[in-house]
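Peer 1: Have a look at this one before I ask anything.
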Amino acid sequence: MTDEAIVGLYWERSEKAIEETEKHYGRYFHAIAYGILRDGEDANEIVNDTYLKAWNTIPPSRPSPLKAFLGRITRQLSLNRLEQETAQKRGGGQYRLALEELEECIPAKNGDGEWADRLALTGLLNRFLRSLPEEQRYVFIRRYWYLDPVAEIAAGTGAGESKIKSQLARMRAKLRRQLEKEGFAV
C-alpha cells in the first residue's frame, strides 16, 4: 500500500490506517525510539503514541512523505520522554553527549527573526549534509539525528571508534566554518 493510500485511510478515519502504518513503518519507528531511549518498553509506548499523534494530526495535514513525517513525530516524542526522564535522574546519556558535541557549532539564539533564522539554518544544514560523502553523512545522521553511541556507529560501519570520533570532530568543525561563513553567530 502506498503512503498516499495510507494517508487516505486516515482521512476516511479508518482504523486500518494504523494497521497499515504499523505494517509499513512500525520497525522504523521502534528503531528511532529505542535508539534514543535504550529501553524496549518505552520504545513500544512511543511507537503507540506516534500512532495516536498520527491519528490526531491526519487530517488536517496531508504529509508527504509519510515516513519522514511520522519518523519526526517519533523522534520528538522520544526526545520529550528522554528529557522528562533525565530531568528526574539528571543523566542524559547519548542525547546530552550528542548535544554537547554539537554545542560548539550551534548558532547562538537571538529573539529577532528567529523563524527566518531557523529556515535559513535548515537550508544550510541540508546543503551541508548533501556536501558530505555518503559514509560521512551516514555517520553524522546516526550520531546527531538518531543519537546512536559512537560504538554502535563504529560497529555498523566496520570502522574503529577513534576513526568515527575523528570524522565527527572534522564534520563539526566544517559545519562551524560553514555557519560562520553564512553569517550565523556561533
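By convention in this document, the chains of the C-alpha cells carry letters A, B, ... by their order, each chain's residues are numbered from 1, and ligands are numbered from 1 in the order they are shown.
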Show me, as a VMD selection string, the residues that have an atom within 12 Å of Ala33 in chain A when counting only C-alpha atoms, minus same-chain residues fewer than 6 positions from it.

Peer 2: chain A and resid 26 to 27 39 to 50 70 to 82 145 to 148

Peer 1: Restricting the output to N, CA and C atoms, write the selected residues as a PDB file, in the first residue's frame.

Peer 2:
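Output contents, as saved in selection_5.pdb:
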```
ATOM      1  N   GLY A  26       6.380   0.385  11.424  1.00  0.00           N
ATOM      2  CA  GLY A  26       6.495   0.099  12.853  1.00  0.00           C
ATOM      3  C   GLY A  26       7.916  -0.178  13.307  1.00  0.00           C
ATOM      4  N   ARG A  27       8.637  -0.990  12.565  1.00  0.00           N
ATOM      5  CA  ARG A  27      10.031  -1.302  12.938  1.00  0.00           C
ATOM      6  C   ARG A  27      10.917  -0.071  12.858  1.00  0.00           C
ATOM      7  N   ASP A  39      15.405   1.601  25.765  1.00  0.00           N
ATOM      8  CA  ASP A  39      14.508   0.794  26.593  1.00  0.00           C
ATOM      9  C   ASP A  39      13.375   0.300  25.710  1.00  0.00           C
ATOM     10  N   GLY A  40      13.212  -1.015  25.636  1.00  0.00           N
ATOM     11  CA  GLY A  40      12.215  -1.607  24.754  1.00  0.00           C
ATOM     12  C   GLY A  40      10.783  -1.236  25.098  1.00  0.00           C
ATOM     13  N   GLU A  41      10.440  -1.235  26.375  1.00  0.00           N
ATOM     14  CA  GLU A  41       9.072  -0.891  26.771  1.00  0.00           C
ATOM     15  C   GLU A  41       8.759   0.567  26.459  1.00  0.00           C
ATOM     16  N   ASP A  42       9.705   1.455  26.784  1.00  0.00           N
ATOM     17  CA  ASP A  42       9.500   2.872  26.473  1.00  0.00           C
ATOM     18  C   ASP A  42       9.373   3.077  24.970  1.00  0.00           C
ATOM     19  N   ALA A  43      10.193   2.361  24.209  1.00  0.00           N
ATOM     20  CA  ALA A  43      10.133   2.487  22.751  1.00  0.00           C
ATOM     21  C   ALA A  43       8.769   2.049  22.235  1.00  0.00           C
ATOM     22  N   ASN A  44       8.240   0.938  22.773  1.00  0.00           N
ATOM     23  CA  ASN A  44       6.903   0.481  22.364  1.00  0.00           C
ATOM     24  C   ASN A  44       5.841   1.523  22.676  1.00  0.00           C
ATOM     25  N   GLU A  45       5.936   2.145  23.848  1.00  0.00           N
ATOM     26  CA  GLU A  45       4.974   3.189  24.214  1.00  0.00           C
ATOM     27  C   GLU A  45       5.060   4.377  23.253  1.00  0.00           C
ATOM     28  N   ILE A  46       6.276   4.751  22.907  1.00  0.00           N
ATOM     29  CA  ILE A  46       6.463   5.876  21.991  1.00  0.00           C
ATOM     30  C   ILE A  46       5.882   5.552  20.623  1.00  0.00           C
ATOM     31  N   VAL A  47       6.078   4.336  20.161  1.00  0.00           N
ATOM     32  CA  VAL A  47       5.520   3.942  18.865  1.00  0.00           C
ATOM     33  C   VAL A  47       3.996   4.038  18.912  1.00  0.00           C
ATOM     34  N   ASN A  48       3.386   3.575  19.986  1.00  0.00           N
ATOM     35  CA  ASN A  48       1.931   3.693  20.129  1.00  0.00           C
ATOM     36  C   ASN A  48       1.503   5.154  20.194  1.00  0.00           C
ATOM     37  N   ASP A  49       2.289   5.978  20.889  1.00  0.00           N
ATOM     38  CA  ASP A  49       1.988   7.413  20.940  1.00  0.00           C
ATOM     39  C   ASP A  49       2.106   8.046  19.550  1.00  0.00           C
ATOM     40  N   THR A  50       3.030   7.524  18.747  1.00  0.00           N
ATOM     41  CA  THR A  50       3.183   8.015  17.375  1.00  0.00           C
ATOM     42  C   THR A  50       1.911   7.755  16.575  1.00  0.00           C
ATOM     43  N   LEU A  70       6.097  10.954  10.111  1.00  0.00           N
ATOM     44  CA  LEU A  70       5.863  10.160  11.314  1.00  0.00           C
ATOM     45  C   LEU A  70       7.169   9.835  12.047  1.00  0.00           C
ATOM     46  N   GLY A  71       8.258   9.702  11.315  1.00  0.00           N
ATOM     47  CA  GLY A  71       9.560   9.497  11.954  1.00  0.00           C
ATOM     48  C   GLY A  71       9.954  10.693  12.799  1.00  0.00           C
ATOM     49  N   ARG A  72       9.649  11.873  12.307  1.00  0.00           N
ATOM     50  CA  ARG A  72       9.934  13.105  13.063  1.00  0.00           C
ATOM     51  C   ARG A  72       9.077  13.151  14.332  1.00  0.00           C
ATOM     52  N   ILE A  73       7.824  12.728  14.233  1.00  0.00           N
ATOM     53  CA  ILE A  73       6.956  12.665  15.413  1.00  0.00           C
ATOM     54  C   ILE A  73       7.535  11.685  16.433  1.00  0.00           C
ATOM     55  N   THR A  74       7.942  10.511  15.962  1.00  0.00           N
ATOM     56  CA  THR A  74       8.526   9.501  16.856  1.00  0.00           C
ATOM     57  C   THR A  74       9.757  10.058  17.553  1.00  0.00           C
ATOM     58  N   ARG A  75      10.603  10.715  16.798  1.00  0.00           N
ATOM     59  CA  ARG A  75      11.834  11.277  17.368  1.00  0.00           C
ATOM     60  C   ARG A  75      11.505  12.321  18.422  1.00  0.00           C
ATOM     61  N   GLN A  76      10.576  13.218  18.115  1.00  0.00           N
ATOM     62  CA  GLN A  76      10.240  14.272  19.068  1.00  0.00           C
ATOM     63  C   GLN A  76       9.607  13.710  20.329  1.00  0.00           C
ATOM     64  N   LEU A  77       8.719  12.745  20.177  1.00  0.00           N
ATOM     65  CA  LEU A  77       8.122  12.107  21.350  1.00  0.00           C
ATOM     66  C   LEU A  77       9.201  11.411  22.194  1.00  0.00           C
ATOM     67  N   SER A  78      10.144  10.773  21.538  1.00  0.00           N
ATOM     68  CA  SER A  78      11.232  10.095  22.247  1.00  0.00           C
ATOM     69  C   SER A  78      12.102  11.089  22.999  1.00  0.00           C
ATOM     70  N   LEU A  79      12.432  12.188  22.343  1.00  0.00           N
ATOM     71  CA  LEU A  79      13.254  13.213  22.996  1.00  0.00           C
ATOM     72  C   LEU A  79      12.515  13.838  24.173  1.00  0.00           C
ATOM     73  N   ASN A  80      11.206  14.045  24.019  1.00  0.00           N
ATOM     74  CA  ASN A  80      10.417  14.581  25.129  1.00  0.00           C
ATOM     75  C   ASN A  80      10.445  13.623  26.315  1.00  0.00           C
ATOM     76  N   ARG A  81      10.277  12.326  26.034  1.00  0.00           N
ATOM     77  CA  ARG A  81      10.313  11.322  27.103  1.00  0.00           C
ATOM     78  C   ARG A  81      11.684  11.319  27.762  1.00  0.00           C
ATOM     79  N   LEU A  82      12.732  11.363  26.949  1.00  0.00           N
ATOM     80  CA  LEU A  82      14.086  11.353  27.488  1.00  0.00           C
ATOM     81  C   LEU A  82      14.327  12.576  28.362  1.00  0.00           C
ATOM     82  N   TRP A 145      21.098  12.687  14.639  1.00  0.00           N
ATOM     83  CA  TRP A 145      19.641  12.580  14.446  1.00  0.00           C
ATOM     84  C   TRP A 145      19.106  11.405  15.259  1.00  0.00           C
ATOM     85  N   TYR A 146      19.736  10.231  15.072  1.00  0.00           N
ATOM     86  CA  TYR A 146      19.283   9.045  15.787  1.00  0.00           C
ATOM     87  C   TYR A 146      19.924   8.909  17.167  1.00  0.00           C
ATOM     88  N   LEU A 147      20.953   9.728  17.446  1.00  0.00           N
ATOM     89  CA  LEU A 147      21.630   9.750  18.744  1.00  0.00           C
ATOM     90  C   LEU A 147      22.257   8.412  19.101  1.00  0.00           C
ATOM     91  N   ASP A 148      22.770   7.720  18.102  1.00  0.00           N
ATOM     92  CA  ASP A 148      23.419   6.439  18.336  1.00  0.00           C
ATOM     93  C   ASP A 148      24.779   6.654  18.996  1.00  0.00           C
TER      94      ASP A 148
END
```

Peer 1: Measure the distance from CA of Arg130 in chain A to CA of Pro63 in chain A in Å and round it to one decimal.

Peer 2: 22.9 Å

Peer 1: With distances taken over only C-alpha atoms, which of A:Leu125, A:Met1, A:Ala31, A:Ala68 is nearest to Gln178 in chain A?

Peer 2: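 Comparing A:Leu125, A:Met1, A:Ala31, A:Ala68 against Gln178 in chain A, the winner is A:Leu125.
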
Peer 1: Interatomic distance between CA of Ile32 in chain A and CA of Glu161 in chain A?

Peer 2: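 Between these atoms lies a distance of 21.5 Å.
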
Peer 1: Work out how far apart CA of Ile164 in chain A and CA of Gln136 in chain A are and give it in Å to one decimal.

Peer 2: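 Between CA of Ile164 in chain A and CA of Gln136 in chain A the gap works out to 9.0 Å.
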
Peer 1: Looking at A:Glu22, A:Ala185, A:Val139, A:Arg13, which one is nearest to Arg170 in chain A, with distances taken over only C-alpha atoms?

Peer 2: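 Looking only at the distances to Arg170 in chain A, the closest residue turns out to be A:Val139.
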
Peer 1: What's the 8 Å shell around Ala17 in chain A, counting only C-alpha atoms, without same-chain residues fewer than 6 positions away, as a PDB file with C-alpha atoms, in the first residue's frame?

Peer 2:
```pdb
ATOM      1  CA  ILE A   6      -2.439   5.179   3.937  1.00  0.00           C
ATOM      2  CA  VAL A   7      -2.990   8.928   4.315  1.00  0.00           C
ATOM      3  CA  LEU A   9      -7.277   5.864   5.196  1.00  0.00           C
ATOM      4  CA  TYR A  10      -6.507   8.422   7.910  1.00  0.00           C
TER       5      TYR A  10
END
```

Peer 1: Counting only C-alpha atoms, which residue out of A:Arg127, A:Arg142, A:Lys67, A:Lys163 sits closest to Leu175 in chain A?

Peer 2: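 With only C-alpha atoms as the atom set, the closest residue is A:Arg127.
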
Peer 1: Give me every alpha helix (DSSP H) residue in range 2-185 of chain A, going by DSSP on the backbone, as an MDAnalysis selection string.

Peer 2: chainID A and resid 3:11 16:37 40:57 66:89 93:102 114:131 134:144 150:157 161:181

Peer 1: I need the chosen residues saved as a compact mmCIF listing (two decimals), in the first residue's frame, with C-alpha atoms.

Peer 2:
```txt
# COMPACT_ATOMS: atom_id res chain seq x y z
CA ASP A 3 1.83 6.33 1.53
CA GLU A 4 -0.88 8.23 -0.31
CA ALA A 5 -3.34 5.36 0.23
CA ILE A 6 -2.44 5.18 3.94
CA VAL A 7 -2.99 8.93 4.31
CA GLY A 8 -6.32 8.42 2.54
CA LEU A 9 -7.28 5.86 5.20
CA TYR A 10 -6.51 8.42 7.91
CA TRP A 11 -8.73 10.94 6.12
CA LYS A 16 -6.91 0.23 9.00
CA ALA A 17 -4.70 3.34 8.69
CA ILE A 18 -2.98 2.43 11.95
CA GLU A 19 -2.60 -1.22 10.91
CA GLU A 20 -1.03 -0.24 7.59
CA THR A 21 1.23 2.33 9.22
CA GLU A 22 2.42 -0.28 11.69
CA LYS A 23 2.96 -2.85 8.96
CA HIS A 24 5.00 -0.44 6.80
CA TYR A 25 6.86 1.65 9.39
CA GLY A 26 6.50 0.10 12.85
CA ARG A 27 10.03 -1.30 12.94
CA TYR A 28 11.44 2.02 11.72
CA PHE A 29 9.62 3.93 14.50
CA HIS A 30 10.76 1.40 17.08
CA ALA A 31 14.37 1.75 15.92
CA ILE A 32 14.18 5.53 16.31
CA ALA A 33 12.60 5.36 19.76
CA TYR A 34 14.89 2.61 21.00
CA GLY A 35 17.95 4.42 19.67
CA ILE A 36 17.10 7.43 21.79
CA LEU A 37 15.61 5.80 24.88
CA GLY A 40 12.22 -1.61 24.75
CA GLU A 41 9.07 -0.89 26.77
CA ASP A 42 9.50 2.87 26.47
CA ALA A 43 10.13 2.49 22.75
CA ASN A 44 6.90 0.48 22.36
CA GLU A 45 4.97 3.19 24.21
CA ILE A 46 6.46 5.88 21.99
CA VAL A 47 5.52 3.94 18.86
CA ASN A 48 1.93 3.69 20.13
CA ASP A 49 1.99 7.41 20.94
CA THR A 50 3.18 8.01 17.37
CA TYR A 51 0.11 6.23 16.01
CA LEU A 52 -2.14 8.30 18.28
CA LYS A 53 -0.46 11.53 17.21
CA ALA A 54 -0.78 10.49 13.56
CA TRP A 55 -4.48 9.81 14.10
CA ASN A 56 -4.92 13.26 15.64
CA THR A 57 -2.90 15.20 13.04
CA LEU A 66 4.60 9.91 5.37
CA LYS A 67 7.65 8.04 6.69
CA ALA A 68 9.59 11.25 7.36
CA PHE A 69 6.58 12.99 8.89
CA LEU A 70 5.86 10.16 11.31
CA GLY A 71 9.56 9.50 11.95
CA ARG A 72 9.93 13.10 13.06
CA ILE A 73 6.96 12.66 15.41
CA THR A 74 8.53 9.50 16.86
CA ARG A 75 11.83 11.28 17.37
CA GLN A 76 10.24 14.27 19.07
CA LEU A 77 8.12 12.11 21.35
CA SER A 78 11.23 10.09 22.25
CA LEU A 79 13.25 13.21 23.00
CA ASN A 80 10.42 14.58 25.13
CA ARG A 81 10.31 11.32 27.10
CA LEU A 82 14.09 11.35 27.49
CA GLU A 83 14.02 14.94 28.69
CA GLN A 84 11.41 14.05 31.32
CA GLU A 85 13.44 11.08 32.49
CA THR A 86 16.74 12.93 32.57
CA ALA A 87 15.16 15.82 34.46
CA GLN A 88 14.35 13.27 37.14
CA LYS A 89 17.68 11.42 37.01
CA GLY A 93 23.05 9.56 28.04
CA GLN A 94 23.59 9.86 24.31
CA TYR A 95 21.16 12.77 24.00
CA ARG A 96 23.18 15.01 26.29
CA LEU A 97 26.52 13.83 24.86
CA ALA A 98 25.44 14.50 21.28
CA LEU A 99 24.16 17.96 22.17
CA GLU A 100 27.38 18.79 23.99
CA GLU A 101 29.36 17.75 20.92
CA LEU A 102 27.27 19.99 18.67
CA GLU A 114 14.00 33.54 14.94
CA TRP A 115 11.68 31.79 12.47
CA ALA A 116 13.53 33.16 9.45
CA ASP A 117 16.84 32.19 11.04
CA ARG A 118 15.52 28.69 11.65
CA LEU A 119 14.53 28.31 8.00
CA ALA A 120 17.91 29.59 6.85
CA LEU A 121 19.67 27.23 9.25
CA THR A 122 17.60 24.29 7.99
CA GLY A 123 18.63 25.10 4.42
CA LEU A 124 22.27 25.40 5.43
CA LEU A 125 22.19 22.07 7.28
CA ASN A 126 20.60 20.35 4.29
CA ARG A 127 23.29 21.77 1.98
CA PHE A 128 25.97 20.73 4.46
CA LEU A 129 24.67 17.16 4.61
CA ARG A 130 24.42 16.94 0.81
CA SER A 131 28.05 18.11 0.55
CA GLU A 134 27.64 9.20 1.75
CA GLU A 135 29.58 7.41 4.51
CA GLN A 136 30.20 10.64 6.44
CA ARG A 137 26.58 11.70 6.04
CA TYR A 138 25.53 8.32 7.42
CA VAL A 139 27.81 8.76 10.46
CA PHE A 140 26.64 12.34 11.10
CA ILE A 141 22.95 11.46 10.88
CA ARG A 142 23.34 8.34 13.01
CA ARG A 143 25.05 10.38 15.73
CA TYR A 144 23.09 13.63 15.69
CA VAL A 150 29.85 6.09 18.73
CA ALA A 151 30.49 2.39 19.45
CA GLU A 152 27.33 1.36 17.58
CA ILE A 153 28.16 3.60 14.63
CA ALA A 154 31.65 2.13 14.50
CA ALA A 155 30.26 -1.40 14.60
CA GLY A 156 27.76 -0.57 11.86
CA THR A 157 30.39 0.89 9.56
CA GLU A 161 35.64 4.22 17.38
CA SER A 162 38.59 6.60 17.14
CA LYS A 163 38.03 6.99 13.40
CA ILE A 164 34.34 7.77 13.95
CA LYS A 165 35.19 10.29 16.67
CA SER A 166 37.72 11.96 14.37
CA GLN A 167 35.24 12.07 11.49
CA LEU A 168 32.61 13.63 13.74
CA ALA A 169 35.07 16.24 15.04
CA ARG A 170 36.10 17.18 11.48
CA MET A 171 32.46 17.37 10.35
CA ARG A 172 31.54 19.60 13.32
CA ALA A 173 34.47 21.89 12.50
CA LYS A 174 33.41 22.02 8.85
CA LEU A 175 29.81 22.78 9.88
CA ARG A 176 31.01 25.55 12.20
CA ARG A 177 33.07 27.15 9.39
CA GLN A 178 30.09 26.95 7.05
CA LEU A 179 27.79 28.52 9.66
CA GLU A 180 30.22 31.37 10.31
CA LYS A 181 30.76 31.90 6.58
```
